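Reviewing the structure listed below.
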Amino acid sequence: MKWNVSVGLRLSIDYDDIEANSREEAEEIAKDRAMEDIDYNNAVADDAIVYCCYPTDEDEECEYDE
């Protein structure tokens with residue numbers, strides 16, 4: 001017997017040193033890159049959610065937006 005199964009996963013991909021003029025632009029670039037990476041690996045994602053974004057020149061922890 002064969003089965004076709006779809007499994008939903010939560011995936012985190014870190015992108016360091018994104019060059020952008022604003023946080024919003026950096027988040028959009030990261031989302032686009034993630035969707036391209038997911039597509040390249042023959043996976044499907046319905047939505048990309050940014051959960052952490054901070055400048056590389058600042059020594060701070062992730063800010064979790066709710």
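In the structure tokens, each chain is lettered A, B, ... as it comes, each chain's residues begin at 1, and ligands are numbered from 1 in order of appearance.
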
In stretch 2-33 of chain A, what's helix (DSSP H, G or I) per DSSP? Answer as a ChimeraX atom specification? /A:23-33

Residues near stretch 14-30 of chain A, anyone? I mean within 8 Å using only C-alpha atoms, not counting same-chain ones fewer than 5 positions away, as a VMD selection string. chain A and resid 50 53 to 54 56

Write a file of the just-selected residues containing N, CA, C and O atoms, as a CSV table (one decimal), in the first residue's frame.
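Dumped everything to result25.csv:
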chain,number,residue,atom,x,y,z
A,50,VAL,N,8.2,36.9,9.4
A,50,VAL,CA,9.4,37.3,10.0
A,50,VAL,C,9.2,37.4,11.5
A,50,VAL,O,8.3,38.0,12.0
A,53,CYS,N,14.3,40.4,13.5
A,53,CYS,CA,15.1,41.3,12.6
A,53,CYS,C,15.8,42.4,13.4
A,53,CYS,O,15.2,43.1,14.2
A,54,TYR,N,17.1,42.4,13.2
A,54,TYR,CA,17.9,43.5,13.9
A,54,TYR,C,19.1,43.8,13.1
A,54,TYR,O,19.6,43.0,12.3
A,56,THR,N,22.9,44.3,11.9
A,56,THR,CA,24.1,43.5,12.3
A,56,THR,C,25.1,44.3,13.1
A,56,THR,O,25.9,43.8,13.7

Hey, what's within 12 Å of A:Asp37 if we count only C-alpha atoms and toss same-chain stuff fewer than 5 positions away? As a CSV table (one decimal) with all heavy atoms, in the first residue's frame, please?
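Saved the output as around.csv:
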chain,number,residue,atom,x,y,z
A,11,LEU,N,9.7,26.3,9.8
A,11,LEU,CA,11.1,26.3,9.3
A,11,LEU,C,11.7,27.7,9.6
A,11,LEU,O,11.0,28.7,9.4
A,11,LEU,CB,11.1,26.1,7.8
A,11,LEU,CG,12.4,26.2,7.1
A,11,LEU,CD1,13.4,25.2,7.5
A,11,LEU,CD2,12.2,26.1,5.6
A,12,SER,N,12.9,27.7,10.1
A,12,SER,CA,13.6,29.0,10.3
A,12,SER,C,14.8,29.0,9.4
A,12,SER,O,15.6,28.0,9.4
A,12,SER,CB,14.1,29.1,11.8
A,12,SER,OG,13.0,29.2,12.6
A,13,ILE,N,15.0,30.0,8.7
A,13,ILE,CA,16.2,30.2,7.9
A,13,ILE,C,16.8,31.6,8.3
A,13,ILE,O,16.1,32.6,8.2
A,13,ILE,CB,15.8,30.2,6.4
A,13,ILE,CG1,15.1,29.0,6.0
A,13,ILE,CG2,17.1,30.4,5.5
A,13,ILE,CD1,14.6,29.0,4.5
A,14,ASP,N,18.1,31.6,8.6
A,14,ASP,CA,18.7,32.8,9.0
A,14,ASP,C,19.5,33.4,7.8
A,14,ASP,O,20.2,32.7,7.1
A,14,ASP,CB,19.7,32.5,10.1
A,14,ASP,CG,19.1,32.1,11.4
A,14,ASP,OD1,17.9,32.5,11.6
A,14,ASP,OD2,19.7,31.4,12.2
A,15,TYR,N,19.3,34.6,7.6
A,15,TYR,CA,20.0,35.4,6.5
A,15,TYR,C,20.7,36.5,7.2
A,15,TYR,O,20.1,37.4,7.8
A,15,TYR,CB,19.0,35.9,5.5
A,15,TYR,CG,18.3,34.8,4.7
A,15,TYR,CD1,17.0,34.5,5.0
A,15,TYR,CD2,19.0,34.2,3.7
A,15,TYR,CE1,16.3,33.5,4.3
A,15,TYR,CE2,18.3,33.1,3.0
A,15,TYR,CZ,17.0,32.8,3.3
A,15,TYR,OH,16.4,31.8,2.6
A,30,ALA,N,14.3,39.2,3.1
A,30,ALA,CA,14.5,37.9,3.7
A,30,ALA,C,13.3,37.0,3.3
A,30,ALA,O,13.5,35.8,3.1
A,30,ALA,CB,14.6,38.1,5.2
A,31,LYS,N,12.1,37.5,3.3
A,31,LYS,CA,10.9,36.7,2.9
A,31,LYS,C,11.1,36.2,1.5
A,31,LYS,O,10.8,35.0,1.2
A,31,LYS,CB,9.7,37.5,3.1
A,31,LYS,CG,9.2,37.7,4.5
A,31,LYS,CD,7.8,38.3,4.4
A,31,LYS,CE,7.5,39.3,5.4
A,31,LYS,NZ,6.1,39.8,5.3
A,32,ASP,N,11.5,37.1,0.6
A,32,ASP,CA,11.7,36.7,-0.8
A,32,ASP,C,12.7,35.7,-0.9
A,32,ASP,O,12.5,34.7,-1.7
A,32,ASP,CB,12.0,37.9,-1.7
A,32,ASP,CG,10.9,38.9,-1.8
A,32,ASP,OD1,9.7,38.6,-1.5
A,32,ASP,OD2,11.2,40.1,-2.2
A,42,ASN,N,11.9,22.3,-3.9
A,42,ASN,CA,10.7,21.6,-4.2
A,42,ASN,C,9.7,21.5,-3.0
A,42,ASN,O,9.1,20.5,-2.8
A,42,ASN,CB,11.0,20.2,-4.8
A,42,ASN,CG,9.8,19.7,-5.6
A,42,ASN,OD1,9.0,20.4,-6.1
A,42,ASN,ND2,9.7,18.4,-5.6
A,43,ALA,N,9.7,22.5,-2.2
A,43,ALA,CA,8.8,22.5,-1.1
A,43,ALA,C,7.7,23.6,-1.3
A,43,ALA,O,7.8,24.4,-2.3
A,43,ALA,CB,9.5,22.9,0.2
A,44,VAL,N,6.7,23.6,-0.5
A,44,VAL,CA,5.6,24.6,-0.7
A,44,VAL,C,5.4,25.3,0.7
A,44,VAL,O,5.4,24.6,1.7
A,44,VAL,CB,4.3,23.9,-1.0
A,44,VAL,CG1,3.1,24.9,-1.1
A,44,VAL,CG2,4.4,23.2,-2.4
A,45,ALA,N,5.3,26.6,0.6
A,45,ALA,CA,5.0,27.4,1.8
A,45,ALA,C,3.9,28.3,1.5
A,45,ALA,O,3.9,29.0,0.4
A,45,ALA,CB,6.3,28.1,2.3
A,48,ALA,N,5.2,33.5,4.6
A,48,ALA,CA,6.5,33.7,5.3
A,48,ALA,C,6.2,34.7,6.4
A,48,ALA,O,5.7,35.8,6.2
A,48,ALA,CB,7.5,34.2,4.4
